[in-house]
Amino acid sequence: MAYENLKVSVKKGILILTINREKALNALNSKTMEELQHFFSVSAPRRKTIKGIVITGAGEKAFVAGADIKEFLALDEGKGAAMAKRGQNVFRLIETFNKPVIAAVNGFALGGGCELAMACHMRIAGEKAKFGQPEVNLGIIPGYGGTQRMIQLVGKGKAIELLTTGDMINAEEAHRLGLVNHVVPQGEEVKKASEIIEKIASKAPIAIAKVIECVDAYFNGVYDGFAVEVEEFGATSGTEDFKEGAAAFIERRKANFKGK
Ligand code: DAK
């Protein structure tokens, strides 16, 4: 499928997904959300050979400056709830993707943009990046999982402060709070994210997918994370990759994982 608002490229096996609406600071309109849904439910799972995905924003100013405010005017209670459910489902596809998905935050990550970054497994911020959940300025609340994921990342007190004041914070503060994993010189976000994915790609793919699943189990409120870990530890113990990894350690050589 040809996308209107997403740009897809692959560099050395790493897929770079660019939200491509630079004139609107990459705001997430409904077309972009539809395309993200298609990308993460159809296109990305088919690309079996990719090592992981980096999500970034077009241009130098914004990662994503929020959901598209110009579309909000048509909302009412029913439509708003339906839109939140649909959006949450899209971001859940990102959060549960079985390979690393890293947000390379090159500028404003506000509202739905901050929520998109938080749905990724990790966040790399350029030093000019700005984060915030300014929904309360518009009389609404985050609807794409932001009230929940913000607590997971920064804790309850700071989450309530950021969500109720709508304050914007810079990359350093976001790093201090644990909202981002690393701050890098402006323009090097994708490079740093790609380096991390490259490192992860040298490990056993099934083990990586299972780590993502177990960590998610802690937060999703449905499963007992310890029980999931027991099950997935069992699953990884039965893989060819585990035998190869253990043999490589003993033979003092580099493991050659096959994802089996
Ligand atoms: N939506 C639509 N257009 C946007 C936009 C946005 N979120 N942010 C920026 N733009 C557009 C501007 O309208 C402008 O377009 P033109 O006027 O040139 O046509 C262009 O991008 C450049 O923006 P500015 O001229 O404003 O640029 P500045 O450098 O002066 O300011 C800024 C940059 C990021 C500080 C400013 O643009 C700004 O404050 N933007 C809005 C930030 C914001 O409030 N974002 C929305 C947060 S609320 C929901 C689910 C989720 C959500 C809501 C509901 N449901 C399920 C119902 C999420 C809500 C949000 O994300």
# chains A, B, ... in the order shown; residues from 1 in each chain; ligands from 1

$ residues_near_ligand --ligand "ligand 1" --cutoff "7 Å" --atoms "only C-alpha atoms and all ligand atoms" --output "PyMOL selection string"
chain A and resi 23-25+27+65-70+80-85+87+108+110-113+133-135+138+140-144

$ residues_around --residues "Lys51 (chain A)" --least-positions-apart "2" --cutoff "12 Å" --atoms "only C-alpha atoms" --output "PyMOL selection string"
chain A and resi 10-16+44-45+47-49+53-54+97-102+193-205+208-209+259

$ write_last_selection --atoms "N, CA, C and O atoms" --output "CSV table (one decimal), in the first residue's frame"
chain,number,residue,atom,x,y,z
A,10,VAL,N,14.4,1.5,4.3
A,10,VAL,CA,15.1,0.4,5.1
A,10,VAL,C,16.6,0.7,4.9
A,10,VAL,O,17.1,0.8,3.7
A,11,LYS,N,17.3,0.8,6.0
A,11,LYS,CA,18.8,1.0,5.9
A,11,LYS,C,19.5,-0.1,6.7
A,11,LYS,O,19.3,-0.2,7.9
A,12,LYS,N,20.3,-0.8,6.0
A,12,LYS,CA,21.0,-2.0,6.7
A,12,LYS,C,20.0,-2.8,7.5
A,12,LYS,O,20.3,-3.1,8.7
A,13,GLY,N,18.9,-3.1,7.0
A,13,GLY,CA,17.9,-4.0,7.7
A,13,GLY,C,17.1,-3.3,8.7
A,13,GLY,O,16.3,-3.9,9.4
A,14,ILE,N,17.3,-2.0,9.0
A,14,ILE,CA,16.5,-1.3,10.0
A,14,ILE,C,15.5,-0.4,9.3
A,14,ILE,O,15.8,0.4,8.4
A,15,LEU,N,14.2,-0.6,9.6
A,15,LEU,CA,13.2,0.2,8.9
A,15,LEU,C,13.0,1.5,9.6
A,15,LEU,O,12.8,1.6,10.8
A,16,ILE,N,13.1,2.6,8.8
A,16,ILE,CA,12.9,3.9,9.3
A,16,ILE,C,11.5,4.4,8.9
A,16,ILE,O,11.2,4.5,7.6
A,44,ALA,N,4.4,-4.2,8.4
A,44,ALA,CA,5.6,-4.5,9.2
A,44,ALA,C,5.7,-6.0,9.5
A,44,ALA,O,6.8,-6.6,9.4
A,45,PRO,N,4.6,-6.7,9.9
A,45,PRO,CA,4.7,-8.2,10.2
A,45,PRO,C,5.2,-9.0,9.0
A,45,PRO,O,5.8,-10.0,9.2
A,47,ARG,N,7.4,-8.0,6.9
A,47,ARG,CA,8.8,-7.8,6.6
A,47,ARG,C,9.6,-8.6,7.6
A,47,ARG,O,10.2,-8.0,8.6
A,48,LYS,N,9.7,-9.8,7.3
A,48,LYS,CA,10.4,-10.8,8.3
A,48,LYS,C,11.8,-10.5,8.5
A,48,LYS,O,12.4,-10.9,9.6
A,49,THR,N,12.5,-9.8,7.6
A,49,THR,CA,14.0,-9.7,7.7
A,49,THR,C,14.4,-8.4,8.4
A,49,THR,O,15.6,-8.3,8.7
A,53,ILE,N,12.4,-1.2,14.1
A,53,ILE,CA,11.8,-0.1,13.5
A,53,ILE,C,12.2,1.2,14.3
A,53,ILE,O,12.1,1.2,15.5
A,54,VAL,N,12.6,2.2,13.6
A,54,VAL,CA,12.8,3.6,14.2
A,54,VAL,C,11.6,4.4,13.7
A,54,VAL,O,11.4,4.5,12.5
A,97,PHE,N,4.8,-5.0,19.2
A,97,PHE,CA,5.5,-5.5,18.1
A,97,PHE,C,6.7,-6.4,18.6
A,97,PHE,O,7.3,-6.1,19.6
A,98,ASN,N,7.0,-7.5,17.8
A,98,ASN,CA,7.9,-8.5,18.4
A,98,ASN,C,9.4,-8.1,18.1
A,98,ASN,O,10.3,-8.9,18.4
A,99,LYS,N,9.6,-7.0,17.5
A,99,LYS,CA,11.0,-6.5,17.3
A,99,LYS,C,11.1,-5.1,17.9
A,99,LYS,O,10.0,-4.4,18.0
A,100,PRO,N,12.3,-4.6,18.3
A,100,PRO,CA,12.3,-3.3,18.9
A,100,PRO,C,11.8,-2.2,18.0
A,100,PRO,O,12.1,-2.1,16.9
A,101,VAL,N,11.0,-1.3,18.7
A,101,VAL,CA,10.5,-0.1,18.0
A,101,VAL,C,11.0,1.0,18.9
A,101,VAL,O,10.7,1.1,20.0
A,102,ILE,N,11.8,1.9,18.2
A,102,ILE,CA,12.4,3.0,19.0
A,102,ILE,C,11.9,4.4,18.4
A,102,ILE,O,12.0,4.6,17.2
A,193,ALA,N,19.3,5.4,17.6
A,193,ALA,CA,18.3,4.4,17.7
A,193,ALA,C,18.7,3.2,16.8
A,193,ALA,O,18.5,2.0,17.3
A,194,SER,N,19.3,3.4,15.7
A,194,SER,CA,19.7,2.3,14.8
A,194,SER,C,20.8,1.5,15.4
A,194,SER,O,20.9,0.3,15.3
A,195,GLU,N,21.7,2.2,16.1
A,195,GLU,CA,22.8,1.5,16.8
A,195,GLU,C,22.3,0.5,17.8
A,195,GLU,O,22.8,-0.6,18.0
A,196,ILE,N,21.3,1.0,18.6
A,196,ILE,CA,20.7,0.1,19.6
A,196,ILE,C,20.0,-1.1,19.0
A,196,ILE,O,20.2,-2.2,19.4
A,197,ILE,N,19.3,-0.8,17.9
A,197,ILE,CA,18.6,-1.9,17.2
A,197,ILE,C,19.6,-2.9,16.6
A,197,ILE,O,19.5,-4.1,16.7
A,198,GLU,N,20.7,-2.4,16.1
A,198,GLU,CA,21.8,-3.2,15.5
A,198,GLU,C,22.3,-4.1,16.6
A,198,GLU,O,22.5,-5.3,16.4
A,199,LYS,N,22.6,-3.6,17.8
A,199,LYS,CA,23.1,-4.4,18.9
A,199,LYS,C,22.1,-5.5,19.3
A,199,LYS,O,22.4,-6.7,19.4
A,200,ILE,N,20.8,-5.1,19.4
A,200,ILE,CA,19.8,-6.1,19.7
A,200,ILE,C,19.7,-7.2,18.7
A,200,ILE,O,19.4,-8.4,19.0
A,201,ALA,N,19.9,-6.8,17.4
A,201,ALA,CA,19.8,-7.8,16.3
A,201,ALA,C,20.9,-8.9,16.4
A,201,ALA,O,20.8,-9.9,15.7
A,202,SER,N,21.9,-8.6,17.2
A,202,SER,CA,22.9,-9.7,17.3
A,202,SER,C,22.6,-10.7,18.3
A,202,SER,O,23.3,-11.7,18.5
A,203,LYS,N,21.4,-10.5,19.0
A,203,LYS,CA,21.0,-11.5,20.0
A,203,LYS,C,20.0,-12.5,19.3
A,203,LYS,O,19.6,-12.3,18.2
A,204,ALA,N,19.5,-13.4,20.1
A,204,ALA,CA,18.5,-14.4,19.6
A,204,ALA,C,17.2,-13.8,19.4
A,204,ALA,O,16.6,-13.3,20.4
A,205,PRO,N,16.6,-13.8,18.2
A,205,PRO,CA,15.3,-13.1,18.0
A,205,PRO,C,14.2,-13.5,18.8
A,205,PRO,O,13.4,-12.7,19.3
A,208,ILE,N,14.4,-12.0,22.2
A,208,ILE,CA,14.1,-10.6,22.2
A,208,ILE,C,12.6,-10.4,22.2
A,208,ILE,O,12.0,-9.7,23.0
A,209,ALA,N,11.9,-11.2,21.4
A,209,ALA,CA,10.4,-11.1,21.3
A,209,ALA,C,9.8,-11.5,22.7
A,209,ALA,O,8.8,-10.9,23.1
A,259,GLY,N,17.0,-17.6,14.9
A,259,GLY,CA,15.6,-17.3,15.1
A,259,GLY,C,14.7,-18.5,15.1
A,259,GLY,O,13.5,-18.5,14.9

$ select_by_dssp --residues "region 96-227 of chain A" --states "strand (DSSP E)" --output "ChimeraX atom specification"
/A:101-105,108-110,122-126,130-132,168-170,182-184

$ select_by_dssp --residues "region 4-74 of chain A" --states "alpha helix (DSSP H)" --output "PyMOL selection string"
chain A and resi 30-38+44-46+69-72

$ write_last_selection --atoms "C-alpha atoms" --output "short mmCIF file (atom, residue, chain, number, x, y, z; two decimals), in the first residue's frame"
data_model
loop_
_atom_site.label_atom_id
_atom_site.label_comp_id
_atom_site.auth_asym_id
_atom_site.auth_seq_id
_atom_site.Cartn_x
_atom_site.Cartn_y
_atom_site.Cartn_z
CA SER A 30 -7.16 10.28 10.94
CA LYS A 31 -5.50 9.34 7.63
CA THR A 32 -2.13 9.03 9.36
CA MET A 33 -3.65 6.91 12.13
CA GLU A 34 -5.24 4.63 9.49
CA GLU A 35 -1.89 4.31 7.78
CA LEU A 36 -0.13 3.52 11.05
CA GLN A 37 -2.70 0.83 11.71
CA HIS A 38 -2.15 -0.67 8.28
CA ALA A 44 5.56 -4.55 9.22
CA PRO A 45 4.70 -8.16 10.23
CA ARG A 46 5.29 -9.22 6.59
CA ILE A 69 -6.44 19.70 16.32
CA LYS A 70 -8.23 20.77 13.14
CA GLU A 71 -10.11 17.45 13.14
CA PHE A 72 -11.18 17.76 16.80
#

$ atom_distance --atom1 "CA of Phe257 (chain A)" --atom2 "CA of Asp241 (chain A)"
5.4 Å

$ residues_around --residues "Ile206 (chain A)" --least-positions-apart "6" --cutoff "12 Å" --atoms "only C-alpha atoms" --output "list in words"
Asn98, Lys99, Ile200, Ile212, Glu213, Glu232, Phe233, Gly234, Ala235, Thr236, Ser237, Gly238, Thr239, Glu240, Asp241, Phe242, Phe257, Lys258, Gly259 and Lys260 of chain A

$ write_last_selection --atoms "N, CA and C atoms" --output "short mmCIF file (atom, residue, chain, number, x, y, z; two decimals), in the first residue's frame"
data_model
loop_
_atom_site.label_atom_id
_atom_site.label_comp_id
_atom_site.auth_asym_id
_atom_site.auth_seq_id
_atom_site.Cartn_x
_atom_site.Cartn_y
_atom_site.Cartn_z
N ASN A 98 6.96 -7.48 17.83
CA ASN A 98 7.91 -8.46 18.38
C ASN A 98 9.39 -8.15 18.10
N LYS A 99 9.64 -6.98 17.50
CA LYS A 99 11.02 -6.52 17.34
C LYS A 99 11.08 -5.11 17.92
N ILE A 200 20.79 -5.13 19.35
CA ILE A 200 19.75 -6.11 19.72
C ILE A 200 19.66 -7.21 18.65
N ILE A 212 10.17 -8.67 25.27
CA ILE A 212 9.17 -7.62 25.03
C ILE A 212 7.81 -8.07 25.60
N GLU A 213 7.47 -9.33 25.37
CA GLU A 213 6.19 -9.85 25.84
C GLU A 213 6.12 -9.88 27.37
N GLU A 232 7.53 -18.28 29.11
CA GLU A 232 8.40 -17.86 28.00
C GLU A 232 9.85 -18.30 28.22
N PHE A 233 10.25 -18.39 29.49
CA PHE A 233 11.58 -18.95 29.74
C PHE A 233 11.60 -20.39 29.23
N GLY A 234 10.52 -21.13 29.52
CA GLY A 234 10.40 -22.51 29.01
C GLY A 234 10.51 -22.51 27.49
N ALA A 235 9.79 -21.59 26.86
CA ALA A 235 9.78 -21.55 25.39
C ALA A 235 11.18 -21.28 24.83
N THR A 236 11.90 -20.32 25.45
CA THR A 236 13.25 -20.02 24.92
C THR A 236 14.21 -21.18 25.20
N SER A 237 13.97 -21.91 26.31
CA SER A 237 14.86 -23.04 26.64
C SER A 237 14.80 -24.14 25.59
N GLY A 238 13.67 -24.19 24.87
CA GLY A 238 13.51 -25.24 23.86
C GLY A 238 13.97 -24.83 22.47
N THR A 239 14.58 -23.66 22.33
CA THR A 239 14.94 -23.20 20.98
C THR A 239 16.33 -23.69 20.55
N GLU A 240 16.50 -23.76 19.23
CA GLU A 240 17.84 -24.08 18.68
C GLU A 240 18.80 -22.95 19.05
N ASP A 241 18.28 -21.72 19.07
CA ASP A 241 19.14 -20.58 19.38
C ASP A 241 19.74 -20.70 20.79
N PHE A 242 18.98 -21.22 21.74
CA PHE A 242 19.52 -21.39 23.09
C PHE A 242 20.69 -22.38 23.07
N PHE A 257 22.85 -16.91 15.61
CA PHE A 257 21.44 -17.19 15.89
C PHE A 257 20.63 -17.24 14.61
N LYS A 258 19.62 -18.12 14.61
CA LYS A 258 18.79 -18.28 13.41
C LYS A 258 17.33 -17.94 13.62
N GLY A 259 16.99 -17.58 14.86
CA GLY A 259 15.58 -17.27 15.11
C GLY A 259 14.70 -18.52 15.15
N LYS A 260 15.33 -19.65 15.53
CA LYS A 260 14.55 -20.91 15.60
C LYS A 260 14.66 -21.51 16.99
#

$ residues_around --residues "region 183-185 of chain A" --least-positions-apart "5" --cutoff "8 Å" --atoms "only C-alpha atoms" --output "list in words"
Ile124, Ala125, Gly126, Glu127, Ala171, Glu172, His175 and Lys192 of chain A

$ closest_residue --among "A:Met118, A:Ala217, A:Val136, A:Val90" --to "Thr164 (chain A)" --atoms "only C-alpha atoms"
A:Val136

$ closest_residue --among "A:Ala109, A:Ala255, A:Ala246, A:Val180" --to "Leu153 (chain A)" --atoms "only C-alpha atoms"
A:Val180

$ atom_distance --atom1 "CA of Thr96 (chain A)" --atom2 "CA of Asp216 (chain A)"
7.4 Å

$ atom_distance --atom1 "CA of Leu179 (chain A)" --atom2 "CA of Met150 (chain A)"
7.9 Å
